[in-house]
Amino acid sequence: MAPPGRGLVVYMSDFGWRDPYVGIVKGVIESLGAGRIRVVDLTHDIAAFSVVAGAYVLYTSYRYYPPGTVFLAVVDPGVGTERKPVAIETRRYYFVGPDNGLLYPAAAEDGIIRVHVIDNEAVYMKPVSLSFHGRDIFSPAAALLALGVGVEALGSPMKPEELVKLSLRKPCSGTEEEVEATVVYIDRFGNAALGLERGCLNTLCRWGEVEVVADRRKKARARCLPVFSHAEPGELVFYMNSLGFPELAVNLGSAAEELGLQVGSQVVLRPAQAKGKP
């Protein structure tokens, strides 16, 4: 069972910084917490509507925060529909947001203890907007958890197995001659993280390079190196990123631009003989 909320909310969304949405959500939390809750912005630059990219950021970040932290994550293209607002208690943390797969990879890895639908209307900010549940449902729920209120106070219980599941990685057997991967995140440098298990890197790099086919159109070869900075400027590299995902990068350039990639793009990778080797 997670320890009681410690007065810390980590907030992630696709709201961006131009509009007032991020500030309004933080205002609700401050109003309810009256100085007792600290809000850390994980990021608000998740690609609009990209549940996969949001799940990747949450999954690769949550473990660096202390037990009792409440994660408020809002990437919610289904807002106003029948998707459920949920609060998940794991072994060490709490996760609040839409039940669309966004929370699942992080929560499942930490170990889900209890799930409650946030349907106790006494928790809501009134009147409740159909299009801004981040303000009216999720932020007051996150604030209450951060203040030490139990997750059961937020609404009715839900079976963990009923959560919408999202998988960020797929495994490799170790002998494939071809692996298809999904781009799960692109950072500001144009590095493209792929939804593969760690072991896939060794499988694909067994001859030193990989052939890359992006969305069945663009072909390129990437060198397998420990890090992109070991490559020549402009060279495409396949390596393990700092967050534990195989990634395509261009040293001092953008793999996303070079290969025409975006989150959700499909990439086919094949082991290739390194140039200059027999």
# chains A, B, ... in the order shown; residues from 1 in each chain; ligands from 1

call {"tool": "closest_atom_pairs", "arguments": {"of": "range 153-197 of chain A", "to": "range 208-231 of chain A", "cutoff": "12 Å", "atoms": "only C-alpha atoms", "output": "CSV"}}
result
residue,atom,partner,partner_atom,distance
A:Glu177,CA,A:Val210,CA,10.4
A:Glu178,CA,A:Glu211,CA,9.4
A:Val179,CA,A:Val212,CA,9.9
A:Glu180,CA,A:Val213,CA,9.3
A:Ala181,CA,A:Ala214,CA,9.8
A:Thr182,CA,A:Asp215,CA,9.9
A:Val183,CA,A:Ala214,CA,10.0
A:Phe189,CA,A:Phe228,CA,11.6
A:Asn191,CA,A:Phe228,CA,9.7
A:Ala192,CA,A:Ala214,CA,11.4
A:Leu194,CA,A:Ala214,CA,12.0

call {"tool": "select_by_dssp", "arguments": {"residues": "range 36-240 of chain A", "states": "alpha helix (DSSP H)", "output": "number ranges by chain"}}
result
A: 51-61, 104-110, 133, 139-146, 199-204

call {"tool": "closest_residue", "arguments": {"among": "A:Ala143, A:Ile24, A:Val128, A:Val52", "to": "Ala193 in chain A", "atoms": "only C-alpha atoms"}}
result
A:Val52

call {"tool": "select_by_dssp", "arguments": {"residues": "range 15-263 of chain A", "states": "strand (DSSP E)", "output": "PyMOL selection string"}}
result
chain A and resi 38-43+70-74+85-90+94-98+112-117+157-158+179-186+192-194+208-214+218-224+236-240+246-250

call {"tool": "closest_residue", "arguments": {"among": "A:Ile186, A:Ile112, A:Leu269, A:Leu130", "to": "Cys172 in chain A", "atoms": "only C-alpha atoms"}}
result
A:Leu269

call {"tool": "closest_atom_pairs", "arguments": {"of": "range 134-175 of chain A", "to": "range 88-91 of chain A", "cutoff": "10 Å", "atoms": "only C-alpha atoms", "output": "JSON lines"}}
result
{"residue": "A:Leu145", "atom": "CA", "partner": "A:Glu89", "partner_atom": "CA", "distance": 9.8}
{"residue": "A:Gly150", "atom": "CA", "partner": "A:Glu89", "partner_atom": "CA", "distance": 9.3}
{"residue": "A:Val151", "atom": "CA", "partner": "A:Glu89", "partner_atom": "CA", "distance": 7.0}
{"residue": "A:Glu152", "atom": "CA", "partner": "A:Glu89", "partner_atom": "CA", "distance": 9.7}
{"residue": "A:Met158", "atom": "CA", "partner": "A:Ile88", "partner_atom": "CA", "distance": 9.6}
{"residue": "A:Pro160", "atom": "CA", "partner": "A:Ile88", "partner_atom": "CA", "distance": 8.6}
{"residue": "A:Leu163", "atom": "CA", "partner": "A:Ile88", "partner_atom": "CA", "distance": 9.8}

call {"tool": "residues_around", "arguments": {"residues": "Ala108 in chain A", "least_positions_apart": "5", "cutoff": "12 Å", "atoms": "only C-alpha atoms", "output": "PDB file with C-alpha atoms, in the first residue's frame"}}
result
ATOM      1  CA  ALA A  55       2.513   7.249 -21.204  1.00  0.00           C
ATOM      2  CA  LEU A  58       5.190   9.187 -17.214  1.00  0.00           C
ATOM      3  CA  TYR A  59       6.620   5.653 -17.319  1.00  0.00           C
ATOM      4  CA  TYR A  62       7.802   8.363 -12.094  1.00  0.00           C
ATOM      5  CA  ILE A  88      -4.810   4.425  -8.974  1.00  0.00           C
ATOM      6  CA  GLU A  89      -2.931   3.529  -5.806  1.00  0.00           C
ATOM      7  CA  THR A  90       0.258   1.544  -6.388  1.00  0.00           C
ATOM      8  CA  ARG A  91       2.903   0.208  -4.008  1.00  0.00           C
ATOM      9  CA  ARG A  92       4.554   3.610  -3.667  1.00  0.00           C
ATOM     10  CA  TYR A  93       2.520   6.207  -5.556  1.00  0.00           C
ATOM     11  CA  TYR A  94      -0.829   7.569  -6.703  1.00  0.00           C
ATOM     12  CA  PHE A  95      -1.820   8.206 -10.319  1.00  0.00           C
ATOM     13  CA  GLY A 101      -3.947   3.789 -21.108  1.00  0.00           C
ATOM     14  CA  LEU A 102      -1.981   6.899 -20.152  1.00  0.00           C
ATOM     15  CA  LEU A 103      -1.417   5.838 -16.536  1.00  0.00           C
ATOM     16  CA  ILE A 113      -3.042  -1.971  -5.268  1.00  0.00           C
ATOM     17  CA  ARG A 114      -6.420  -0.264  -5.707  1.00  0.00           C
ATOM     18  CA  VAL A 115      -8.312   1.621  -8.398  1.00  0.00           C
ATOM     19  CA  PRO A 160      -7.574  -3.233 -11.766  1.00  0.00           C
ATOM     20  CA  GLU A 161      -7.992  -5.680 -14.646  1.00  0.00           C
ATOM     21  CA  LEU A 163      -8.259  -0.578 -16.684  1.00  0.00           C
ATOM     22  CA  VAL A 164      -7.492   0.265 -20.298  1.00  0.00           C
ATOM     23  CA  LYS A 165      -4.109  -1.307 -20.978  1.00  0.00           C
ATOM     24  CA  LEU A 166      -1.342   0.198 -23.061  1.00  0.00           C
ATOM     25  CA  SER A 167       1.966  -1.502 -23.816  1.00  0.00           C
ATOM     26  CA  LEU A 168       4.988   0.648 -24.609  1.00  0.00           C
TER      27      LEU A 168
END
